[in-house]
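Content type CSV, C-alpha atoms, from the file run.csv:
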chain,number,residue,atom,x,y,z
F,292,MET,CA,0.0,0.0,0.0
F,293,PRO,CA,1.2,3.6,-0.6
F,294,PRO,CA,2.2,5.5,2.5
F,295,VAL,CA,-0.2,7.7,4.4
F,296,LEU,CA,0.6,11.4,4.5
F,297,VAL,CA,0.3,13.2,7.9
F,298,THR,CA,0.9,16.9,7.8
F,299,GLY,CA,1.8,18.6,11.0
F,300,ALA,CA,3.6,15.4,12.1
F,301,ALA,CA,5.7,17.3,14.7
F,302,GLY,CA,2.6,18.8,16.2
F,303,PHE,CA,0.5,17.5,19.1
F,304,ILE,CA,-2.2,15.6,17.3
F,305,GLY,CA,-0.1,14.8,14.2
F,306,HIS,CA,2.5,13.2,16.3
F,307,HIS,CA,0.0,10.9,18.1
F,308,LEU,CA,-1.7,10.1,14.8
F,309,ALA,CA,1.5,9.1,13.1
F,310,ALA,CA,2.5,6.9,16.0
F,311,ARG,CA,-0.9,5.2,15.9
F,312,LEU,CA,-0.7,4.5,12.2
F,313,LEU,CA,2.8,3.2,12.5
F,314,GLY,CA,1.6,0.9,15.3
F,315,GLU,CA,-0.9,-0.5,12.9
F,316,GLY,CA,1.8,-1.4,10.4
F,317,ARG,CA,1.2,1.4,8.0
F,318,SER,CA,3.9,3.5,6.3
F,319,VAL,CA,3.8,7.2,7.1
F,320,VAL,CA,5.3,10.2,5.5
F,321,GLY,CA,5.3,13.1,7.9
F,322,ILE,CA,5.8,16.8,7.0
F,323,ASP,CA,5.9,19.9,9.2
F,324,ASN,CA,7.2,23.4,8.7
F,325,MET,CA,8.6,23.4,12.3
F,326,SER,CA,7.0,26.8,13.1
F,327,ASP,CA,8.4,28.6,16.2
F,328,TYR,CA,4.8,29.6,17.3
F,329,TYR,CA,5.7,27.5,20.4
F,330,ASP,CA,8.8,25.6,21.6
F,331,VAL,CA,10.5,23.9,18.7
F,332,THR,CA,12.4,21.7,21.1
F,333,LEU,CA,9.1,20.0,22.0
F,334,LYS,CA,8.4,19.5,18.3
F,335,ARG,CA,11.8,17.9,17.8
F,336,ALA,CA,11.3,15.7,20.8
F,337,ARG,CA,8.0,14.5,19.3
F,338,LEU,CA,9.7,13.7,16.1
F,339,GLN,CA,12.4,11.8,17.9
F,340,GLN,CA,9.8,9.5,19.2
F,341,LEU,CA,8.9,8.7,15.5
F,342,HIS,CA,12.3,8.6,13.9
F,343,GLY,CA,13.7,5.1,13.6
F,344,ARG,CA,10.3,3.4,13.6
F,345,LYS,CA,9.7,1.1,10.7
F,346,GLY,CA,7.8,2.8,7.9
F,347,PHE,CA,8.3,6.4,9.0
F,348,SER,CA,10.0,9.2,7.0
F,349,PHE,CA,9.9,12.9,7.6
F,350,GLN,CA,10.5,16.0,5.5
F,351,GLU,CA,10.5,19.6,6.7
F,352,LEU,CA,8.1,21.3,4.4
F,353,ASP,CA,5.6,24.2,4.5
F,354,LEU,CA,2.2,23.7,2.9
F,355,ALA,CA,2.5,27.2,1.5
F,356,ASP,CA,5.5,26.0,-0.6
F,357,ASN,CA,3.4,24.7,-3.5
F,358,GLY,CA,6.3,23.4,-5.6
F,359,ALA,CA,7.8,21.3,-2.8
F,360,LEU,CA,4.3,19.9,-2.0
F,361,ALA,CA,3.7,18.9,-5.6
F,362,SER,CA,7.1,17.2,-5.7
F,363,LEU,CA,6.2,15.3,-2.5
F,364,PHE,CA,3.0,14.0,-4.1
F,365,ASP,CA,4.8,13.1,-7.3
F,366,ALA,CA,7.2,11.0,-5.3
F,367,HIS,CA,4.8,9.1,-3.1
F,368,ARG,CA,1.4,8.9,-4.8
F,369,PHE,CA,-0.6,9.1,-1.6
F,370,GLU,CA,-4.2,7.7,-1.4
F,371,LEU,CA,-5.0,8.8,2.1
F,372,VAL,CA,-4.0,12.2,3.5
F,373,PHE,CA,-4.5,13.5,7.1
F,374,ASN,CA,-4.1,17.3,7.3
F,375,MET,CA,-3.3,18.1,10.9
F,376,ALA,CA,-1.1,21.1,10.0
F,377,ALA,CA,-2.3,24.6,10.8
F,378,GLN,CA,-1.5,27.8,12.5
F,379,PRO,CA,-3.3,27.3,15.8
F,380,GLY,CA,-4.4,29.6,18.6
F,381,VAL,CA,-7.4,31.9,18.9
F,382,ARG,CA,-5.6,34.8,20.8
F,383,TYR,CA,-2.5,34.8,18.5
F,384,SER,CA,-4.8,35.3,15.5
F,385,LEU,CA,-5.6,38.8,16.8
F,386,ILE,CA,-1.8,39.6,16.8
F,387,ASN,CA,-0.6,37.9,13.6
F,388,PRO,CA,-3.5,37.3,11.2
F,389,HIS,CA,-1.3,36.9,8.1
F,390,ALA,CA,0.2,33.7,9.6
F,391,TYR,CA,-3.3,32.2,9.6
F,392,VAL,CA,-4.0,33.2,6.0
F,393,LYS,CA,-0.7,31.8,4.8
F,394,SER,CA,-0.9,28.5,6.6
F,395,ASN,CA,-4.6,27.7,7.0
F,396,ILE,CA,-5.9,29.1,3.7
F,397,GLU,CA,-3.1,29.3,1.2
F,398,GLY,CA,-1.5,26.1,2.5
F,399,PHE,CA,-4.8,24.3,2.5
F,400,VAL,CA,-5.6,25.3,-1.1
F,401,ASN,CA,-2.2,24.0,-2.1
F,402,LEU,CA,-3.0,20.7,-0.4
F,403,LEU,CA,-6.4,20.5,-2.1
F,404,GLU,CA,-4.8,21.0,-5.4
F,405,ALA,CA,-2.2,18.3,-4.8
F,406,CYS,CA,-4.9,15.9,-3.7
F,407,ARG,CA,-7.0,16.7,-6.8
F,408,HIS,CA,-4.2,16.2,-9.3
F,409,HIS,CA,-2.9,13.0,-7.7
F,410,ALA,CA,-6.2,11.2,-7.4
F,411,VAL,CA,-6.2,11.0,-3.6
F,412,LYS,CA,-9.0,8.8,-2.4
F,413,HIS,CA,-9.7,10.6,0.9
F,414,LEU,CA,-8.5,13.9,2.5
F,415,VAL,CA,-9.2,14.1,6.2
F,416,PHE,CA,-8.6,17.6,7.6
F,417,ALA,CA,-8.6,19.2,11.1
F,418,SER,CA,-11.2,21.8,11.6
F,419,SER,CA,-12.1,23.2,15.1
F,420,SER,CA,-14.9,23.7,17.5
F,421,SER,CA,-14.1,27.4,17.3
F,422,VAL,CA,-16.2,27.5,14.1
F,423,TYR,CA,-19.4,27.5,16.2
F,424,GLY,CA,-18.4,31.1,17.2
F,425,ALA,CA,-21.5,33.0,18.4
F,426,VAL,CA,-23.8,29.9,18.3
F,427,THR,CA,-25.2,29.3,21.8
F,428,ALA,CA,-27.5,26.4,21.3
F,429,MET,CA,-25.8,23.4,22.8
F,430,PRO,CA,-24.6,20.7,22.4
F,431,PHE,CA,-23.1,22.0,19.2
F,432,SER,CA,-24.3,19.9,16.2
F,433,VAL,CA,-22.7,19.5,12.8
F,434,HIS,CA,-26.2,20.1,11.4
F,435,GLN,CA,-26.2,23.7,12.7
F,436,ASN,CA,-25.1,26.6,10.5
F,437,VAL,CA,-21.8,28.2,11.7
F,438,ASP,CA,-21.7,31.5,9.9
F,439,HIS,CA,-20.7,33.7,12.8
F,440,PRO,CA,-17.1,33.1,13.8
F,441,VAL,CA,-15.7,35.3,16.5
F,442,SER,CA,-12.0,35.0,15.8
F,443,LEU,CA,-9.9,35.0,12.6
F,444,TYR,CA,-8.6,31.5,13.5
F,445,ALA,CA,-12.2,30.3,13.5
F,446,ALA,CA,-12.9,32.0,10.2
F,447,THR,CA,-10.0,30.3,8.5
F,448,LYS,CA,-11.2,26.9,9.8
F,449,LYS,CA,-14.7,27.6,8.5
F,450,ALA,CA,-13.1,28.7,5.2
F,451,ASP,CA,-11.2,25.4,5.0
F,452,GLU,CA,-14.5,23.5,5.3
F,453,LEU,CA,-16.0,25.6,2.4
F,454,LEU,CA,-12.9,25.1,0.3
F,455,ALA,CA,-13.0,21.4,0.8
F,456,HIS,CA,-16.6,21.2,-0.1
F,457,SER,CA,-16.0,23.1,-3.4
F,458,TYR,CA,-13.3,20.6,-4.3
F,459,SER,CA,-15.5,17.7,-3.4
F,460,HIS,CA,-18.3,19.1,-5.6
F,461,LEU,CA,-16.2,20.1,-8.6
F,462,PHE,CA,-13.7,17.3,-8.7
F,463,GLY,CA,-15.2,14.4,-6.7
F,464,LEU,CA,-12.5,14.6,-4.1
F,465,PRO,CA,-13.7,12.8,-0.9
F,466,THR,CA,-13.1,15.2,2.0
F,467,THR,CA,-13.9,14.9,5.7
F,468,GLY,CA,-13.5,17.8,8.2
F,469,LEU,CA,-13.2,17.1,11.9
F,470,ARG,CA,-14.1,19.7,14.4
F,471,PHE,CA,-11.8,19.0,17.4
F,472,PHE,CA,-13.0,20.0,20.9
F,473,THR,CA,-10.2,21.2,23.2
F,474,VAL,CA,-7.7,18.4,22.8
F,475,TYR,CA,-5.3,17.6,25.7
F,476,GLY,CA,-2.9,14.9,26.8
F,477,PRO,CA,0.8,13.9,26.8
F,478,TRP,CA,3.0,15.9,24.3
F,479,GLY,CA,0.3,18.6,24.3
F,480,ARG,CA,0.6,22.2,23.2
F,481,PRO,CA,2.1,24.7,25.7
F,482,ASP,CA,-0.4,27.4,24.8
F,483,MET,CA,-3.4,25.3,25.8
F,484,ALA,CA,-4.9,25.6,29.3
F,485,VAL,CA,-4.0,22.1,30.6
F,486,PHE,CA,-0.4,22.5,29.7
F,487,SER,CA,0.1,26.2,30.8
F,488,PHE,CA,-1.8,25.7,34.1
F,489,THR,CA,0.3,22.7,34.9
F,490,LYS,CA,3.5,24.6,34.2
F,491,SER,CA,2.4,27.5,36.4
F,492,ILE,CA,1.2,25.4,39.3
F,493,PHE,CA,4.5,23.4,39.4
F,494,ALA,CA,6.4,26.7,39.3
F,495,GLY,CA,4.3,28.4,41.9
F,496,GLU,CA,3.2,31.1,39.5
F,497,PRO,CA,-0.3,32.5,39.2
F,498,ILE,CA,-2.7,31.3,36.5
F,499,ASP,CA,-5.1,33.6,34.6
F,500,VAL,CA,-8.6,32.2,35.0
F,501,PHE,CA,-10.7,33.8,32.3
F,502,ASN,CA,-14.4,34.6,32.6
F,503,HIS,CA,-13.8,34.2,36.3
F,504,GLY,CA,-13.7,30.4,36.0
F,505,GLU,CA,-17.2,30.1,34.4
F,506,MET,CA,-15.8,28.9,31.1
F,507,GLN,CA,-16.7,25.4,30.0
F,508,ARG,CA,-14.8,23.2,27.6
F,509,ASP,CA,-15.4,19.8,26.2
F,510,PHE,CA,-11.9,18.6,27.0
F,511,THR,CA,-11.1,15.6,24.8
F,512,TYR,CA,-8.2,13.2,25.4
F,513,VAL,CA,-5.8,12.9,22.5
F,514,ASP,CA,-6.1,9.0,22.3
F,515,ASP,CA,-9.8,9.4,21.8
F,516,ILE,CA,-9.2,12.0,19.1
F,517,VAL,CA,-6.8,9.8,17.2
F,518,GLU,CA,-9.1,6.8,17.5
F,519,ALA,CA,-11.9,8.8,15.8
F,520,VAL,CA,-9.5,10.2,13.2
F,521,VAL,CA,-8.3,6.8,12.1
F,522,ARG,CA,-11.8,5.4,11.9
F,523,VAL,CA,-12.9,8.3,9.8
F,524,GLY,CA,-9.8,8.0,7.5
F,525,ASP,CA,-10.8,4.4,6.7
F,526,ALA,CA,-14.4,5.4,5.8
F,527,PRO,CA,-14.1,7.9,2.9
F,528,ALA,CA,-16.8,10.5,2.6
F,529,ARG,CA,-19.6,9.7,0.2
F,530,PRO,CA,-22.5,11.8,-1.2
F,531,ASN,CA,-25.7,11.9,0.9
F,532,PRO,CA,-28.4,10.7,-1.5
F,533,ALA,CA,-31.0,12.4,0.7
F,534,TRP,CA,-29.3,15.8,0.6
F,535,SER,CA,-31.6,18.6,-0.6
F,536,GLY,CA,-30.8,22.1,-1.6
F,537,ASP,CA,-34.2,23.2,-0.3
F,538,LYS,CA,-33.2,22.3,3.2
F,539,PRO,CA,-29.4,22.0,3.0
F,540,ASP,CA,-27.6,20.0,5.7
F,541,PRO,CA,-24.3,21.7,6.5
F,542,ALA,CA,-22.7,18.3,7.6
F,543,THR,CA,-23.3,16.4,4.4
F,544,SER,CA,-23.6,17.1,0.7
F,545,SER,CA,-24.6,15.7,-2.7
F,546,ALA,CA,-20.8,15.7,-3.1
F,547,PRO,CA,-18.5,13.3,-1.2
F,548,TYR,CA,-18.1,15.5,1.8
F,549,ARG,CA,-18.7,15.2,5.5
F,550,ILE,CA,-18.2,17.2,8.7
F,551,PHE,CA,-18.0,15.6,12.2
F,552,ASN,CA,-17.5,16.8,15.7
F,553,ILE,CA,-14.9,14.9,17.8
F,554,GLY,CA,-15.4,15.7,21.5
F,555,ASN,CA,-15.8,14.1,24.9
F,556,HIS,CA,-19.5,15.0,25.0
F,557,SER,CA,-19.1,16.2,28.6
F,558,PRO,CA,-18.2,19.8,29.2
F,559,VAL,CA,-16.1,20.7,32.3
F,560,LYS,CA,-16.0,24.1,34.1
F,561,LEU,CA,-12.6,25.7,34.1
F,562,LEU,CA,-12.6,25.7,38.0
F,563,ARG,CA,-13.2,22.0,38.0
F,564,LEU,CA,-10.3,21.4,35.6
F,565,ILE,CA,-8.1,23.4,38.0
F,566,GLU,CA,-9.3,21.3,41.0
F,567,ILE,CA,-8.3,18.1,39.1
F,568,LEU,CA,-4.9,19.5,38.2
F,569,GLU,CA,-4.3,20.5,41.8
F,570,ASP,CA,-5.2,17.0,42.9
F,571,LYS,CA,-2.9,15.2,40.4
F,572,ILE,CA,-0.1,17.6,40.9
F,573,GLY,CA,-0.4,17.8,44.7
F,574,LYS,CA,-0.2,21.5,44.9
F,575,LYS,CA,-2.7,24.4,45.0
F,576,ALA,CA,-3.0,26.9,42.1
F,577,ILE,CA,-2.6,30.6,42.6
F,578,LYS,CA,-5.7,31.8,40.7
F,579,ARG,CA,-5.9,35.3,39.1
F,580,MET,CA,-9.5,35.9,38.0
F,581,ALA,CA,-9.9,37.7,34.7
F,582,PRO,CA,-12.7,38.7,32.3
F,583,MET,CA,-13.5,37.0,29.0
F,584,GLN,CA,-10.8,37.5,26.3
F,585,PRO,CA,-11.6,38.7,22.8
F,586,GLY,CA,-12.2,35.8,20.4
F,587,ASP,CA,-13.1,33.3,23.2
F,588,VAL,CA,-16.5,31.7,23.7
F,589,PRO,CA,-18.0,30.9,27.1
F,590,ALA,CA,-18.7,27.2,26.5
F,591,THR,CA,-18.2,24.3,24.1
F,592,TYR,CA,-20.1,21.0,24.1
F,593,ALA,CA,-20.0,18.5,21.2
F,594,ASP,CA,-22.9,16.5,19.9
F,595,ILE,CA,-21.1,13.5,18.5
F,596,ASP,CA,-24.1,11.5,17.3
F,597,ALA,CA,-23.2,11.8,13.6
F,598,LEU,CA,-19.7,10.5,14.3
F,599,THR,CA,-21.0,7.6,16.4
F,600,GLU,CA,-23.5,6.6,13.7
F,601,ALA,CA,-20.9,6.8,11.0
F,602,VAL,CA,-17.9,5.0,12.5
F,603,GLY,CA,-19.1,3.7,16.0
F,604,PHE,CA,-16.9,6.2,17.9
F,605,ALA,CA,-17.4,6.9,21.6
F,606,PRO,CA,-14.9,8.7,23.9
F,607,ARG,CA,-13.4,6.4,26.6
F,608,THR,CA,-11.2,8.6,28.7
F,609,PRO,CA,-12.6,10.5,31.8
F,610,ILE,CA,-10.9,13.8,32.4
F,611,GLU,CA,-9.6,12.6,35.7
F,612,THR,CA,-7.7,9.8,34.0
F,613,GLY,CA,-6.5,11.9,31.1
F,614,ILE,CA,-5.2,14.7,33.4
F,615,GLU,CA,-3.4,12.1,35.5
F,616,ARG,CA,-1.6,10.8,32.4
F,617,PHE,CA,-0.7,14.3,31.2
F,618,VAL,CA,0.7,15.2,34.6
F,619,ALA,CA,2.8,12.0,34.7
F,620,TRP,CA,4.1,12.8,31.2
F,621,TYR,CA,4.9,16.4,32.2
F,622,ARG,CA,6.8,15.3,35.3
F,623,ASP,CA,8.9,12.8,33.3
F,624,PHE,CA,9.5,15.1,30.3
F,625,TYR,CA,10.5,18.2,32.2
F,626,ARG,CA,12.0,16.2,35.2
F,627,VAL,CA,9.8,18.1,37.7

Entire entry expressed as structure tokens:
Amino acid sequence: MPPVLVTGAAGFIGHHLAARLLGEGRSVVGIDNMSDYYDVTLKRARLQQLHGRKGFSFQELDLADNGALASLFDAHRFELVFNMAAQPGVRYSLINPHAYVKSNIEGFVNLLEACRHHAVKHLVFASSSSVYGAVTAMPFSVHQNVDHPVSLYAATKKADELLAHSYSHLFGLPTTGLRFFTVYGPWGRPDMAVFSFTKSIFAGEPIDVFNHGEMQRDFTYVDDIVEAVVRVGDAPARPNPAWSGDKPDPATSSAPYRIFNIGNHSPVKLLRLIEILEDKIGKKAIKRMAPMQPGDVPATYADIDALTEAVGFAPRTPIETGIERFVAWYRDFYRV
């Protein structure tokens, strides 16, 4: 079988996905632009876990480099592509919007073009729960319209979904978008709450608790995320024969296109997350209450019925278990 392409292989989810695929005996080509948005040392350490494993190869490559990307596809003839690469972060998108346009839009169009011209059988791409934006009806359903993003990051992810649909419609390229809900776990991202809170609690530094702790997030353990991603990858998107333009379903199409939520289906208050971290770390947090930040939303909560129906997915990791595993990894990696 041809190798599977995993973009963002040095990133949090991409690293775990590549490891899972290799564990199943699949060959994986990983690419990453090694952006310095956060600690590149952590990214190199993730890659070190993959290097030397049978079937893995890596190339430092930016999706915005269209020529290099086309050459990669010429060399490998991928049939299955997982796009986990992106410029992440809601708050940073207020500071450096051009980074999001270059990576999340220009880079994604380049990838769509490469998939189109090389007869890829399925493109699975990371979207985000942030696309729900100003929507307040919960749990968030893929059958809801998401036309009111509240950050540029969210807008670029929504744009990716629209771009993918156009390629599915025009060229018959099967595409599936996955809206991830607050992923956490070992090898996580330093800019995410679980990681940054853990770092500050160990260091005895205050943590900023936005919206005075009333935020709720559908924290989803990375192994559960990867389980769903792999299942979706093996079930290429197909047209929905019941789709109607009179009452269009945003989650499906007359083209081979699907959208799914991947979440824990169990939102947790920020103050409860901090309590769990304090318990697993064995140390109290110094909390600094703060108002809601621009671009943030007060709550996320995933309806995963469509995903369960399509591939039989159900999350298996309670947040207490997931946090315990993360803290154990953090202690070991940073020798705390």

(message) Env of F:Asn552: 6 Å cut, atoms = all atoms listed in the file, seq-sep filter 6 positions within chain, self excluded. Answer as a list in words.
(response)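 Contacts, in chain order: Leu469, Arg470 and Ile595 of chain F.
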
For the residues in that selection, give me C-alpha atoms as an mmCIF file, keeping the file's coordinate frame.
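So part.cif came out as:
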data_model
loop_
_atom_site.group_PDB
_atom_site.id
_atom_site.type_symbol
_atom_site.label_atom_id
_atom_site.label_comp_id
_atom_site.auth_asym_id
_atom_site.auth_seq_id
_atom_site.Cartn_x
_atom_site.Cartn_y
_atom_site.Cartn_z
ATOM 1 C CA LEU F 469 -13.200 17.100 11.900
ATOM 2 C CA ARG F 470 -14.100 19.700 14.400
ATOM 3 C CA ILE F 595 -21.100 13.500 18.500
#

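You will find atom CA of F:Val618 at 22.4 Å from atom CA of F:Ala309.
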
(message) Using all atoms listed in the file, list the residues that have an atom at most 8 Å from (0.9, 30.5, 43.5), coordinates as in the file, as a PyMOL selection string.
(response) chain F and resi 491-492+494-498+575-578

Could you save the residues just selected, with C-alpha atoms, as a CSV table (one decimal), in the frame of the given file?
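Full text of part.csv as output:
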chain,number,residue,atom,x,y,z
F,491,SER,CA,2.4,27.5,36.4
F,492,ILE,CA,1.2,25.4,39.3
F,494,ALA,CA,6.4,26.7,39.3
F,495,GLY,CA,4.3,28.4,41.9
F,496,GLU,CA,3.2,31.1,39.5
F,497,PRO,CA,-0.3,32.5,39.2
F,498,ILE,CA,-2.7,31.3,36.5
F,575,LYS,CA,-2.7,24.4,45.0
F,576,ALA,CA,-3.0,26.9,42.1
F,577,ILE,CA,-2.6,30.6,42.6
F,578,LYS,CA,-5.7,31.8,40.7

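Nearest residue to F:Ser432 among F:Pro481, F:Gly299, F:Pro530, F:Gly554 is F:Gly554, counting all atoms listed in the file.
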
(request) Go through F:Arg563, F:His434, F:His306, F:His503 one by one, measure the shortest atom-to-atom distance of each to F:Lys334 using only C-alpha atoms, and give the residue with the smallest value. (result) F:His306

(request) Record the distance separating atom CA of F:Pro294 and atom CA of F:Phe369, expressed in Å with one decimal. (result)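 About the pair atom CA of F:Pro294 and atom CA of F:Phe369: they are 6.1 Å apart.
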
(message) Please compute the atom CA of F:Val415-atom CA of F:Thr466 distance, one decimal, in Å.
(response) 5.8 Å

(message) Nearest residue to F:Leu561 out of F:His389, F:Lys538, F:Arg549, F:Arg508, using all atoms listed in the file?
(response)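 For F:Leu561, the nearest of the given residues is F:Arg508.
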
(message) Set the distance at 6 Å and use only C-alpha atoms: which residues neighbour F:Tyr592 once local chain neighbours fewer than 5 positions away are removed? I'd like the list as number ranges by chain.
(response) F: 430-431, 509, 558

Write out as a PDB file with C-alpha atoms, in the frame of the given file each polymer residue whose atoms come within 9 Å of F:Gly302, counting all atoms listed in the file; drop sequence neighbours fewer than 4 positions from it.
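Done, and the output landed in result11.pdb:
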ATOM      1  CA  THR F 298       0.900  16.900   7.800  1.00  0.00           C
ATOM      2  CA  HIS F 306       2.500  13.200  16.300  1.00  0.00           C
ATOM      3  CA  HIS F 307       0.000  10.900  18.100  1.00  0.00           C
ATOM      4  CA  ASP F 323       5.900  19.900   9.200  1.00  0.00           C
ATOM      5  CA  MET F 325       8.600  23.400  12.300  1.00  0.00           C
ATOM      6  CA  LEU F 333       9.100  20.000  22.000  1.00  0.00           C
ATOM      7  CA  LYS F 334       8.400  19.500  18.300  1.00  0.00           C
ATOM      8  CA  ARG F 337       8.000  14.500  19.300  1.00  0.00           C
ATOM      9  CA  LEU F 338       9.700  13.700  16.100  1.00  0.00           C
ATOM     10  CA  MET F 375      -3.300  18.100  10.900  1.00  0.00           C
ATOM     11  CA  ALA F 376      -1.100  21.100  10.000  1.00  0.00           C
ATOM     12  CA  TRP F 478       3.000  15.900  24.300  1.00  0.00           C
ATOM     13  CA  GLY F 479       0.300  18.600  24.300  1.00  0.00           C
ATOM     14  CA  ARG F 480       0.600  22.200  23.200  1.00  0.00           C
TER      15      ARG F 480
END

(request) Extract, using all atoms listed in the file, all DNA, RNA and protein residues at most 12 Å from F:Leu443, discarding same-chain residues fewer than 3 positions from it, and format them as number ranges by chain. (result) F: 378-392, 395-396, 421-422, 424, 439-440, 446-450, 585-587

Go ahead and write the residues just picked, C-alpha atoms, as a PDB file, in the coordinates of the input.
ATOM      1  CA  GLN F 378      -1.500  27.800  12.500  1.00  0.00           C
ATOM      2  CA  PRO F 379      -3.300  27.300  15.800  1.00  0.00           C
ATOM      3  CA  GLY F 380      -4.400  29.600  18.600  1.00  0.00           C
ATOM      4  CA  VAL F 381      -7.400  31.900  18.900  1.00  0.00           C
ATOM      5  CA  ARG F 382      -5.600  34.800  20.800  1.00  0.00           C
ATOM      6  CA  TYR F 383      -2.500  34.800  18.500  1.00  0.00           C
ATOM      7  CA  SER F 384      -4.800  35.300  15.500  1.00  0.00           C
ATOM      8  CA  LEU F 385      -5.600  38.800  16.800  1.00  0.00           C
ATOM      9  CA  ILE F 386      -1.800  39.600  16.800  1.00  0.00           C
ATOM     10  CA  ASN F 387      -0.600  37.900  13.600  1.00  0.00           C
ATOM     11  CA  PRO F 388      -3.500  37.300  11.200  1.00  0.00           C
ATOM     12  CA  HIS F 389      -1.300  36.900   8.100  1.00  0.00           C
ATOM     13  CA  ALA F 390       0.200  33.700   9.600  1.00  0.00           C
ATOM     14  CA  TYR F 391      -3.300  32.200   9.600  1.00  0.00           C
ATOM     15  CA  VAL F 392      -4.000  33.200   6.000  1.00  0.00           C
ATOM     16  CA  ASN F 395      -4.600  27.700   7.000  1.00  0.00           C
ATOM     17  CA  ILE F 396      -5.900  29.100   3.700  1.00  0.00           C
ATOM     18  CA  SER F 421     -14.100  27.400  17.300  1.00  0.00           C
ATOM     19  CA  VAL F 422     -16.200  27.500  14.100  1.00  0.00           C
ATOM     20  CA  GLY F 424     -18.400  31.100  17.200  1.00  0.00           C
ATOM     21  CA  HIS F 439     -20.700  33.700  12.800  1.00  0.00           C
ATOM     22  CA  PRO F 440     -17.100  33.100  13.800  1.00  0.00           C
ATOM     23  CA  ALA F 446     -12.900  32.000  10.200  1.00  0.00           C
ATOM     24  CA  THR F 447     -10.000  30.300   8.500  1.00  0.00           C
ATOM     25  CA  LYS F 448     -11.200  26.900   9.800  1.00  0.00           C
ATOM     26  CA  LYS F 449     -14.700  27.600   8.500  1.00  0.00           C
ATOM     27  CA  ALA F 450     -13.100  28.700   5.200  1.00  0.00           C
ATOM     28  CA  PRO F 585     -11.600  38.700  22.800  1.00  0.00           C
ATOM     29  CA  GLY F 586     -12.200  35.800  20.400  1.00  0.00           C
ATOM     30  CA  ASP F 587     -13.100  33.300  23.200  1.00  0.00           C
TER      31      ASP F 587
END

(request) For F:Pro582, work out the shell of residues within 12 Å, counting all atoms listed in the file and skipping chain neighbours fewer than 4 positions away, then give it as a PyMOL selection string. (result) chain F and resi 499-506+587-589

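You can rank F:Asp525, F:Glu452, F:Glu569, F:Glu397 by their closest distance to F:Gly468 using all atoms listed in the file, and at the top of that list sits F:Glu452.
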
Counting only C-alpha atoms, what are the residues of stretch 359-465 of chain F within 12 Å of stretch 513-522 of chain F, and for each of them which pair of atoms is the nearest and at what distance in Å, to one decimal? Sort the table by chain and rising number, as CSV.
residue,atom,partner,partner_atom,distance
F:Leu371,CA,F:Val521,CA,10.7
F:Val372,CA,F:Val521,CA,11.0
F:Phe373,CA,F:Val520,CA,8.5
F:Asn374,CA,F:Val520,CA,10.7
F:Met375,CA,F:Val520,CA,10.3
F:His413,CA,F:Val521,CA,11.9
F:Leu414,CA,F:Val520,CA,11.4
F:Val415,CA,F:Val520,CA,8.0
F:Phe416,CA,F:Val520,CA,9.3
F:Ala417,CA,F:Val520,CA,9.3
F:Ser418,CA,F:Val520,CA,11.8
